[in-house]
>>> print(open('data-v6.txt').read())   # compact mmCIF, C-alpha atoms
# COMPACT_ATOMS: atom_id res chain seq x y z
CA MET A 1 55.36 33.62 14.82
CA THR A 2 57.26 32.99 18.04
CA THR A 3 60.73 31.64 17.25
CA PRO A 4 62.34 28.73 19.15
CA GLU A 5 64.67 31.21 20.84
CA SER A 6 61.77 33.43 21.91
CA ALA A 7 59.89 30.39 23.21
CA LYS A 8 62.95 29.41 25.23
CA GLU A 9 63.10 32.91 26.74
CA LEU A 10 59.38 32.74 27.55
CA LEU A 11 59.61 29.39 29.32
CA ALA A 12 62.68 30.49 31.29
CA PHE A 13 60.95 33.67 32.47
CA HIS A 14 57.82 31.69 33.35
CA LYS A 15 59.93 29.23 35.35
CA GLY A 16 61.50 32.08 37.27
CA LEU A 17 58.07 33.49 38.15
CA VAL A 18 56.50 30.19 39.21
CA SER A 19 59.58 29.21 41.24
CA ILE A 20 58.96 32.13 43.63
CA SER A 21 56.42 31.81 46.45
CA CYS A 22 54.26 34.94 46.33
CA ILE A 23 51.12 34.11 48.27
CA THR A 24 48.88 37.12 48.90
CA GLU A 25 50.44 39.56 51.42
CA ASN A 26 53.93 38.17 50.63
CA GLU A 27 54.36 39.32 47.04
CA SER A 28 57.64 41.19 47.49
CA PRO A 29 60.01 38.39 46.34
CA CYS A 30 58.21 38.22 43.00
CA THR A 31 58.05 42.01 42.75
CA GLU A 32 61.82 42.18 43.15
CA TYR A 33 62.28 39.54 40.44
CA LEU A 34 59.97 41.43 38.09
CA GLN A 35 61.69 44.73 38.76
CA ALA A 36 65.11 43.28 37.96
CA HIS A 37 63.90 41.42 34.86
CA LEU A 38 62.03 44.36 33.34
CA THR A 39 64.84 46.79 34.14
CA ASN A 40 67.29 44.46 32.42
CA LEU A 41 65.05 44.46 29.35
CA GLY A 42 65.27 48.25 29.22
CA TYR A 43 61.95 49.35 30.70
CA THR A 44 61.45 52.22 33.10
CA VAL A 45 60.15 50.54 36.26
CA GLU A 46 58.27 52.12 39.15
CA LEU A 47 57.14 50.42 42.36
CA GLN A 48 53.97 51.56 44.10
CA THR A 49 53.99 50.62 47.77
CA ILE A 50 50.66 49.22 48.96
CA ALA A 51 51.91 48.06 52.38
CA PRO A 52 55.29 47.02 53.79
CA GLY A 53 56.55 44.20 51.59
CA ARG A 54 53.78 44.70 49.04
CA GLU A 55 54.32 46.69 45.83
CA ASN A 56 52.65 47.07 42.47
CA VAL A 57 54.92 47.15 39.43
CA LEU A 58 54.48 49.73 36.66
CA ALA A 59 56.80 49.42 33.65
CA TYR A 60 56.90 51.34 30.38
CA LEU A 61 59.17 52.34 27.51
CA GLY A 62 61.34 55.42 28.04
CA LYS A 63 59.26 58.29 29.39
CA GLY A 64 55.93 56.94 28.11
CA ARG A 65 54.47 56.58 31.58
CA ASN A 66 50.83 56.71 30.46
CA PRO A 67 50.69 54.25 27.55
CA ARG A 68 47.61 53.83 25.40
CA VAL A 69 47.67 50.03 25.84
CA LEU A 70 48.34 48.67 29.32
CA PHE A 71 48.92 44.99 30.00
CA ASN A 72 47.85 43.84 33.46
CA THR A 73 47.69 40.77 35.65
CA HIS A 74 48.24 39.95 39.32
CA ILE A 75 51.41 39.03 41.15
CA ASP A 76 49.86 37.16 44.07
CA VAL A 77 48.76 33.53 44.17
CA VAL A 78 46.56 31.50 46.50
CA PRO A 79 48.01 29.17 49.17
CA PRO A 80 49.58 26.73 49.52
CA TYR A 81 52.75 27.24 47.51
CA ILE A 82 53.37 24.35 45.11
CA GLU A 83 56.86 24.02 43.67
CA TYR A 84 57.66 24.32 39.98
CA ARG A 85 57.99 21.16 37.93
CA GLU A 86 57.59 20.31 34.27
CA ASP A 87 57.32 17.49 31.81
CA GLU A 88 57.45 17.47 28.03
CA GLU A 89 53.95 18.96 27.63
CA ASN A 90 53.11 20.99 30.75
CA VAL A 91 54.43 23.24 33.50
CA TYR A 92 53.04 22.60 37.00
CA GLY A 93 53.09 24.67 40.17
CA ARG A 94 51.21 27.40 42.01
CA GLY A 95 50.57 30.31 39.68
CA SER A 96 51.65 28.41 36.55
CA SER A 97 48.22 29.13 35.11
CA ASP A 98 46.82 31.81 37.44
CA ALA A 99 48.40 34.06 36.47
CA LYS A 100 52.13 33.74 35.76
CA GLY A 101 51.38 32.26 32.34
CA CYS A 102 49.60 35.48 31.37
CA MET A 103 52.38 37.61 32.84
CA ALA A 104 55.17 35.80 31.01
CA ALA A 105 53.29 35.77 27.69
CA GLN A 106 52.45 39.48 27.97
CA VAL A 107 56.09 40.47 28.52
CA GLN A 108 57.32 38.21 25.73
CA ALA A 109 54.67 39.57 23.35
CA VAL A 110 55.85 43.14 23.90
CA GLU A 111 59.48 42.08 23.51
CA GLU A 112 58.68 40.58 20.12
CA LEU A 113 56.76 43.70 19.08
CA ARG A 114 59.74 45.84 20.11
CA LYS A 115 62.14 43.74 18.04
CA GLU A 116 59.76 43.99 15.09
CA GLY A 117 59.61 47.78 15.44
CA LYS A 118 55.85 47.79 15.98
CA VAL A 119 55.73 49.60 19.34
CA LYS A 120 57.32 52.82 20.49
CA GLU A 121 57.49 54.97 23.60
CA GLY A 122 53.98 55.77 24.81
CA ASP A 123 52.37 52.81 23.07
CA ILE A 124 52.46 50.10 25.70
CA GLY A 125 53.26 49.23 29.30
CA PHE A 126 52.70 46.80 32.16
CA LEU A 127 50.81 47.09 35.44
CA PHE A 128 51.32 44.07 37.69
CA VAL A 129 49.42 44.29 40.97
CA VAL A 130 49.17 42.62 44.36
CA GLY A 131 46.12 41.41 46.25
CA GLU A 132 43.84 40.24 43.45
CA GLU A 133 43.15 36.92 45.12
CA VAL A 134 41.74 38.52 48.29
CA ASP A 135 40.55 42.12 48.19
CA HIS A 136 41.81 43.70 44.92
CA ILE A 137 43.71 46.27 46.97
CA GLY A 138 46.57 46.53 44.48
CA MET A 139 44.29 47.39 41.58
CA VAL A 140 42.27 49.80 43.71
CA LYS A 141 45.45 51.65 44.72
CA ALA A 142 46.65 51.66 41.09
CA ASN A 143 43.98 54.28 40.41
CA ASP A 144 46.29 56.71 42.21
CA LEU A 145 48.99 56.32 39.53
CA GLY A 146 47.26 58.71 37.14
CA LEU A 147 47.05 56.23 34.27
CA THR A 148 44.38 56.67 31.59
CA PRO A 149 44.95 53.92 29.00
CA ASP A 150 42.70 53.55 25.99
CA TYR A 151 42.85 49.78 26.51
CA LEU A 152 43.55 47.62 29.56
CA ILE A 153 44.39 44.01 28.65
CA VAL A 154 43.86 41.90 31.77
CA GLY A 155 45.47 38.48 31.91
CA GLU A 156 43.56 35.66 33.54
CA PRO A 157 43.32 32.02 32.45
CA THR A 158 40.53 32.08 29.83
CA GLU A 159 41.60 28.94 27.91
CA SER A 160 42.90 31.28 25.19
CA ARG A 161 39.45 32.71 24.55
CA LEU A 162 38.51 36.37 24.66
CA ALA A 163 36.03 37.07 27.45
CA LEU A 164 33.08 39.27 26.61
CA GLY A 165 32.67 39.96 30.32
CA HIS A 166 32.34 38.28 33.67
CA LYS A 167 29.81 37.95 36.46
CA GLY A 168 29.72 40.17 39.50
CA VAL A 169 30.17 38.92 43.01
CA LEU A 170 28.35 39.38 46.33
CA ARG A 171 29.85 37.89 49.49
CA LEU A 172 27.97 37.80 52.76
CA ASN A 173 28.75 36.62 56.27
CA ILE A 174 25.65 35.62 58.21
CA SER A 175 25.90 35.28 62.00
CA ILE A 176 23.27 34.01 64.42
CA GLU A 177 23.31 34.35 68.19
CA GLY A 178 21.75 31.60 70.29
CA LYS A 179 21.95 30.55 73.94
CA ALA A 180 24.26 27.88 75.32
CA ALA A 181 22.98 25.05 77.49
CA HIS A 182 23.76 21.44 78.41
CA SER A 183 22.76 19.23 75.50
CA GLY A 184 20.85 17.00 77.91
CA TYR A 185 18.52 19.95 78.55
CA PRO A 186 18.18 21.57 75.10
CA GLU A 187 14.98 23.30 76.16
CA LEU A 188 17.09 25.60 78.33
CA GLY A 189 19.09 26.85 75.37
CA ILE A 190 18.57 28.25 71.87
CA SER A 191 20.45 26.42 69.13
CA ALA A 192 22.11 28.88 66.75
CA ASN A 193 22.94 25.97 64.45
CA ASP A 194 19.30 24.92 64.16
CA LYS A 195 18.42 28.47 63.19
CA MET A 196 21.24 28.56 60.66
CA ILE A 197 20.12 25.29 59.07
CA ASP A 198 16.61 26.68 58.63
CA LEU A 199 17.96 29.96 57.29
CA LEU A 200 20.27 28.32 54.74
CA HIS A 201 17.43 26.09 53.57
CA LYS A 202 15.37 29.22 52.89
CA LEU A 203 18.23 30.82 50.97
CA LYS A 204 18.70 27.70 48.85
CA SER A 205 15.02 27.81 47.91
CA ILE A 206 15.39 31.28 46.32
CA LYS A 207 14.91 31.36 42.55
CA LEU A 208 17.98 33.31 41.58
CA PRO A 209 17.80 35.70 38.60
CA GLU A 210 19.16 35.05 35.11
CA ASP A 211 20.44 37.27 32.32
CA PRO A 212 20.69 36.46 28.59
CA TYR A 213 24.24 37.87 28.46
CA PHE A 214 25.76 36.69 31.75
CA GLY A 215 23.69 33.55 32.36
CA LYS A 216 22.52 32.34 35.77
CA THR A 217 23.21 33.84 39.18
CA THR A 218 24.59 31.11 41.44
CA MET A 219 25.04 30.74 45.20
CA ASN A 220 27.72 28.88 47.12
CA ILE A 221 27.60 28.25 50.87
CA GLY A 222 31.35 28.19 51.34
CA THR A 223 31.84 28.04 55.11
CA ILE A 224 29.77 27.04 58.14
CA GLN A 225 31.02 27.44 61.69
CA GLY A 226 29.10 26.99 64.91
CA GLY A 227 29.15 25.69 68.43
CA LEU A 228 31.90 24.54 70.75
CA ALA A 229 31.19 20.88 71.40
CA ALA A 230 28.67 18.16 70.60
CA ASN A 231 27.34 18.20 74.17
CA ILE A 232 26.65 21.95 74.26
CA VAL A 233 23.67 23.69 72.66
CA PRO A 234 25.47 26.07 70.25
CA ALA A 235 25.34 29.76 71.18
CA PHE A 236 26.67 30.97 67.83
CA SER A 237 26.68 30.02 64.18
CA LYS A 238 28.25 31.68 61.15
CA ALA A 239 28.08 31.03 57.40
CA GLY A 240 30.03 32.53 54.51
CA ILE A 241 28.07 32.79 51.27
CA SER A 242 29.13 33.86 47.79
CA PHE A 243 26.81 34.79 44.93
CA ARG A 244 28.05 35.03 41.35
CA ILE A 245 25.88 37.82 40.02
CA ALA A 246 24.37 37.77 36.53
CA THR A 247 21.95 40.69 36.95
CA SER A 248 22.56 43.10 39.84
CA THR A 249 23.73 42.82 43.43
CA GLN A 250 20.73 44.82 44.64
CA GLU A 251 18.32 42.34 43.08
CA VAL A 252 19.95 39.50 44.99
CA LEU A 253 20.08 41.50 48.22
CA ASP A 254 16.35 42.18 47.85
CA LEU A 255 15.70 38.46 47.44
CA VAL A 256 17.73 37.70 50.57
CA GLU A 257 15.71 40.25 52.52
CA GLN A 258 12.46 38.71 51.28
CA VAL A 259 13.32 35.42 52.99
CA LEU A 260 15.02 37.16 55.92
CA PRO A 261 12.97 40.29 56.70
CA ARG A 262 14.61 42.84 58.98
CA GLU A 263 12.04 42.12 61.67
CA GLN A 264 13.08 38.47 61.72
CA GLN A 265 16.75 39.44 61.75
CA LEU A 266 16.19 41.49 64.89
CA LYS A 267 13.98 38.88 66.54
CA ASP A 268 16.30 35.94 65.86
CA LYS A 269 19.52 37.91 66.44
CA ILE A 270 20.69 37.46 62.86
CA THR A 271 23.44 39.71 61.49
CA ILE A 272 24.19 39.97 57.77
CA GLU A 273 27.58 41.47 56.93
CA ARG A 274 28.24 42.53 53.33
CA LEU A 275 31.89 41.81 52.51
CA THR A 276 32.13 42.24 48.74
CA CYS A 277 29.69 43.78 46.30
CA TRP A 278 30.62 44.12 42.61
CA GLU A 279 28.40 44.28 39.54
CA PRO A 280 28.85 42.21 36.36
CA VAL A 281 31.39 43.55 33.85
CA ARG A 282 31.20 43.78 30.05
CA CYS A 283 34.50 43.67 28.18
CA HIS A 284 35.80 45.00 24.89
CA SER A 285 36.65 42.53 22.12
CA VAL A 286 38.50 42.29 18.82
CA PRO A 287 37.68 40.00 15.88
CA GLY A 288 39.30 36.64 15.28
CA PHE A 289 38.95 35.05 18.71
CA GLU A 290 36.62 32.51 20.25
CA THR A 291 34.58 34.29 22.94
CA PHE A 292 32.73 33.45 26.15
CA VAL A 293 31.45 35.02 29.39
CA ALA A 294 33.41 34.13 32.52
CA ASN A 295 31.78 32.98 35.75
CA TYR A 296 34.71 34.12 37.87
CA PHE A 297 35.66 37.63 38.98
CA THR A 298 38.69 39.79 38.15
CA ASP A 299 40.41 43.08 38.97
CA ILE A 300 38.77 44.86 36.01
CA PRO A 301 36.08 46.86 37.88
CA SER A 302 38.63 47.95 40.50
CA PHE A 303 40.51 50.02 37.90
CA THR A 304 38.27 52.89 36.89
CA THR A 305 40.34 54.98 34.48
CA ALA A 306 40.70 52.71 31.42
CA LYS A 307 38.43 53.51 28.49
CA HIS A 308 38.12 49.85 27.48
CA SER A 309 39.07 46.56 29.16
CA LEU A 310 39.80 43.18 27.60
CA LEU A 311 40.18 39.81 29.33
CA TYR A 312 42.37 37.10 27.80
CA GLY A 313 44.98 34.56 28.82
CA PRO A 314 46.37 31.04 28.44
CA GLY A 315 45.52 28.27 30.89
CA SER A 316 42.29 27.20 32.53
CA ILE A 317 40.52 28.51 35.59
CA LEU A 318 39.34 24.95 36.20
CA CYS A 319 42.76 23.92 37.49
CA ALA A 320 43.71 27.25 39.05
CA HIS A 321 43.81 27.13 42.87
CA ALA A 322 43.98 23.32 42.64
CA PRO A 323 46.80 20.99 43.76
CA HIS A 324 47.37 20.00 40.12
CA GLU A 325 47.51 23.56 38.71
CA TYR A 326 49.31 23.52 35.37
CA ILE A 327 49.62 25.18 31.98
CA ASN A 328 50.28 23.56 28.62
CA LYS A 329 53.56 24.73 27.09
CA LYS A 330 52.19 24.96 23.54
CA GLU A 331 49.24 27.06 24.73
CA LEU A 332 51.59 29.33 26.68
CA ILE A 333 53.79 29.88 23.64
CA ALA A 334 50.77 30.46 21.39
CA ALA A 335 49.49 33.14 23.79
CA VAL A 336 52.45 35.34 22.85
CA GLY A 337 51.19 35.54 19.27
CA SER A 338 47.62 36.06 20.45
CA TYR A 339 48.58 38.98 22.71
CA LYS A 340 50.52 40.54 19.81
CA ASP A 341 47.49 40.11 17.57
CA ILE A 342 45.23 41.79 20.13
CA VAL A 343 47.60 44.75 20.53
CA LEU A 344 47.98 45.34 16.80
CA LYS A 345 44.21 45.16 16.27
CA LEU A 346 43.72 47.69 19.05
CA PHE A 347 46.32 49.98 17.49
CA ALA A 348 44.48 49.78 14.16
CA GLU A 349 41.13 50.37 15.85
CA SER A 350 42.30 53.51 17.60
CA GLN A 351 43.88 55.20 14.57
>>> encode(input="data-v6.txt", output="C-alpha cells")
Amino acid sequence: MTTPESAKELLAFHKGLVSISCITENESPCTEYLQAHLTNLGYTVELQTIAPGRENVLAYLGKGRNPRVLFNTHIDVVPPYIEYREDEENVYGRGSSDAKGCMAAQVQAVEELRKEGKVKEGDIGFLFVVGEEVDHIGMVKANDLGLTPDYLIVGEPTESRLALGHKGVLRLNISIEGKAAHSGYPELGISANDKMIDLLHKLKSIKLPEDPYFGKTTMNIGTIQGGLAANIVPAFSKAGISFRIATSTQEVLDLVEQVLPREQQLKDKITIERLTCWEPVRCHSVPGFETFVANYFTDIPSFTTAKHSLLYGPGSILCAHAPHEYINKKELIAAVGSYKDIVLKLFAESQ
C-alpha cells in the first residue's frame, strides 16, 4: 500500500518530469533530470548517446547491470509542449499520461520494493529511451547495451490493464507523378490528384484481414498533399497511409498490390515507399489483472533480447497526444502498487 508520503514523492517526481519539454529529438533536458534524480536515489546510471543531445538512460542497483526484470518507457513526447497544471483530481500537460505517468510510477514502485527489502542488486533496473514517438531509434540502439532481461515491463497508458499484445503497423507513402497545365486547358495536362483520388478509393474498398486474437486490420489515410494552385493541373500528389496490422504486413502488402499491380504503378508513375513495417506482438501476462489487446504500437518489438515482454501503465491512450492530455492522480498512485505486484509475481514465476 502506497503511503501518503510515498504518494507525495510520486506526484512531485511526476511534476518534475512533465514540467520539462522533451519533444522527440530534444530529449536531453529530461535525460539530465532523470540522471540526477536516479543518481540521488542511489542507482548506478549510464547514458547511451544516440545522437548529440539525445541519450538513453540505463539505471540499476550497484553492479547489477543486467537485471532480470527491466522497467522501460520512453522519454520523448509528441509536439506541441503543453505546460504542467493540476487540479484536485488530475494532472494535465504533455506527457502526463504518455508516458511520464508510467515512468514516475515505475521508479516509485522500485523505491518501495527497496525499502521493503524485496529487491536486491541484479534484480531490477530501468531503461528509459528516446525516439519512441517517431522511429524507435532509442530502443533499437538499446540492443547494443548487452542486456538480456528475463522480463521487460514496458510502460504505456493502458488504462491500468495488462495488454496481451498489440497490433503491428505498416506505413506507406504513395506518390503519383502527373503533368502540369493551365486549368483552363486540362486536356493538356495529367492530374496527379485525380489519379490519387481514384487510387485511394480503390484502397478503401479493400476488405482488410481480421484475426481472432488481434481483431481487425484498419487503414488510415493520414496525409494528402498535391498540386500548387487551384488554377494549375497538379503535377504531383502524395498520400501518407497507416495500417494497424492484425494478421501480417505481407498479407496487407499483397492486398495493396492486387489493387495496384506493378504494371499499373509503372504506367501511371506511381511510387510506393514503405516507411515502417512491424508485425503484431504478443505479450506475457500475470494473473490478477484485467486484460486487453492494444490497437496502438510500442517499442516492444524493437528490443530483441528480452525473454518476455509485458505492457502496462496508468492513463489512457485516448487522451495521449491530445490538447487535453491528463492522468488521474488516484490511478497514478494505484499504478505503483500494480507495478510492485507485477514484479513480485514475476519473481515468483521465475524461481
>>> closest_residue(input="data-v6.txt", among="A:Leu172, A:Leu38, A:Leu200, A:Ile317", to="Arg244 of chain A", atoms="all atoms listed in the file")
A:Leu172
>>> residues_around(input="data-v6.txt", residues="segment 280-293 of chain A", least_positions_apart="5", cutoff="8 Å", atoms="all atoms listed in the file", output="MDAnalysis selection string")
chainID A and resid 161:169 213:214 245:248 300:301 308:311 342 345:346
>>> write_last_selection(input="data-v6.txt", atoms="C-alpha atoms", output="PDB file, in the coordinates of the input")
ATOM      1  CA  ARG A 161      39.450  32.710  24.550  1.00  0.00           C
ATOM      2  CA  LEU A 162      38.510  36.370  24.660  1.00  0.00           C
ATOM      3  CA  ALA A 163      36.030  37.070  27.450  1.00  0.00           C
ATOM      4  CA  LEU A 164      33.080  39.270  26.610  1.00  0.00           C
ATOM      5  CA  GLY A 165      32.670  39.960  30.320  1.00  0.00           C
ATOM      6  CA  HIS A 166      32.340  38.280  33.670  1.00  0.00           C
ATOM      7  CA  LYS A 167      29.810  37.950  36.460  1.00  0.00           C
ATOM      8  CA  GLY A 168      29.720  40.170  39.500  1.00  0.00           C
ATOM      9  CA  VAL A 169      30.170  38.920  43.010  1.00  0.00           C
ATOM     10  CA  TYR A 213      24.240  37.870  28.460  1.00  0.00           C
ATOM     11  CA  PHE A 214      25.760  36.690  31.750  1.00  0.00           C
ATOM     12  CA  ILE A 245      25.880  37.820  40.020  1.00  0.00           C
ATOM     13  CA  ALA A 246      24.370  37.770  36.530  1.00  0.00           C
ATOM     14  CA  THR A 247      21.950  40.690  36.950  1.00  0.00           C
ATOM     15  CA  SER A 248      22.560  43.100  39.840  1.00  0.00           C
ATOM     16  CA  ILE A 300      38.770  44.860  36.010  1.00  0.00           C
ATOM     17  CA  PRO A 301      36.080  46.860  37.880  1.00  0.00           C
ATOM     18  CA  HIS A 308      38.120  49.850  27.480  1.00  0.00           C
ATOM     19  CA  SER A 309      39.070  46.560  29.160  1.00  0.00           C
ATOM     20  CA  LEU A 310      39.800  43.180  27.600  1.00  0.00           C
ATOM     21  CA  LEU A 311      40.180  39.810  29.330  1.00  0.00           C
ATOM     22  CA  ILE A 342      45.230  41.790  20.130  1.00  0.00           C
ATOM     23  CA  LYS A 345      44.210  45.160  16.270  1.00  0.00           C
ATOM     24  CA  LEU A 346      43.720  47.690  19.050  1.00  0.00           C
TER      25      LEU A 346
END
>>> residues_near_point(input="data-v6.txt", point="(52.4, 21.8, 39.9)", cutoff="10 Å", atoms="only C-alpha atoms", output="mmCIF file with C-alpha atoms, keeping the file's coordinate frame")
data_model
loop_
_atom_site.group_PDB
_atom_site.id
_atom_site.type_symbol
_atom_site.label_atom_id
_atom_site.label_comp_id
_atom_site.auth_asym_id
_atom_site.auth_seq_id
_atom_site.Cartn_x
_atom_site.Cartn_y
_atom_site.Cartn_z
ATOM 1 C CA VAL A 18 56.500 30.190 39.210
ATOM 2 C CA TYR A 81 52.750 27.240 47.510
ATOM 3 C CA ILE A 82 53.370 24.350 45.110
ATOM 4 C CA GLU A 83 56.860 24.020 43.670
ATOM 5 C CA TYR A 84 57.660 24.320 39.980
ATOM 6 C CA ARG A 85 57.990 21.160 37.930
ATOM 7 C CA GLU A 86 57.590 20.310 34.270
ATOM 8 C CA ASN A 90 53.110 20.990 30.750
ATOM 9 C CA VAL A 91 54.430 23.240 33.500
ATOM 10 C CA TYR A 92 53.040 22.600 37.000
ATOM 11 C CA GLY A 93 53.090 24.670 40.170
ATOM 12 C CA ARG A 94 51.210 27.400 42.010
ATOM 13 C CA GLY A 95 50.570 30.310 39.680
ATOM 14 C CA SER A 96 51.650 28.410 36.550
ATOM 15 C CA SER A 97 48.220 29.130 35.110
ATOM 16 C CA ALA A 322 43.980 23.320 42.640
ATOM 17 C CA PRO A 323 46.800 20.990 43.760
ATOM 18 C CA HIS A 324 47.370 20.000 40.120
ATOM 19 C CA GLU A 325 47.510 23.560 38.710
ATOM 20 C CA TYR A 326 49.310 23.520 35.370
ATOM 21 C CA ILE A 327 49.620 25.180 31.980
#
>>> residues_near_point(input="data-v6.txt", point="(55.7, 30.3, 24.1)", cutoff="10 Å", atoms="only C-alpha atoms", output="ChimeraX atom specification")
/A:1-11,14,101,104-105,108-109,328-337
>>> atom_distance(input="data-v6.txt", atom1="atom CA of Gly53 of chain A", atom2="atom CA of Pro29 of chain A")
8.6 Å
>>> residues_around(input="data-v6.txt", residues="segment 255-258 of chain A", least_positions_apart="6", cutoff="9 Å", atoms="all atoms listed in the file", output="list in words")
Leu203, Ile206, Lys207 and Leu208 of chain A
>>> write_last_selection(input="data-v6.txt", atoms="C-alpha atoms", output="tab-separated table (two decimals), in the frame of the given file")
chain	number	residue	atom	x	y	z
A	203	LEU	CA	18.23	30.82	50.97
A	206	ILE	CA	15.39	31.28	46.32
A	207	LYS	CA	14.91	31.36	42.55
A	208	LEU	CA	17.98	33.31	41.58
>>> residues_around(input="data-v6.txt", residues="Ala230 of chain A", least_positions_apart="3", cutoff="8 Å", atoms="only C-alpha atoms", output="ChimeraX atom specification")
/A:183,227,233
>>> atom_distance(input="data-v6.txt", atom1="atom CA of Ala142 of chain A", atom2="atom CA of Phe303 of chain A")
7.1 Å
>>> closest_residue(input="data-v6.txt", among="A:Leu47, A:Lys340, A:Leu188, A:Glu116", to="Lys141 of chain A", atoms="only C-alpha atoms")
A:Leu47
>>> residues_around(input="data-v6.txt", residues="segment 121-138 of chain A", least_positions_apart="2", cutoff="8 Å", atoms="all atoms listed in the file", output="ChimeraX atom specification")
/A:24-25,27,50,54-78,110,119,140-142,298-299,302
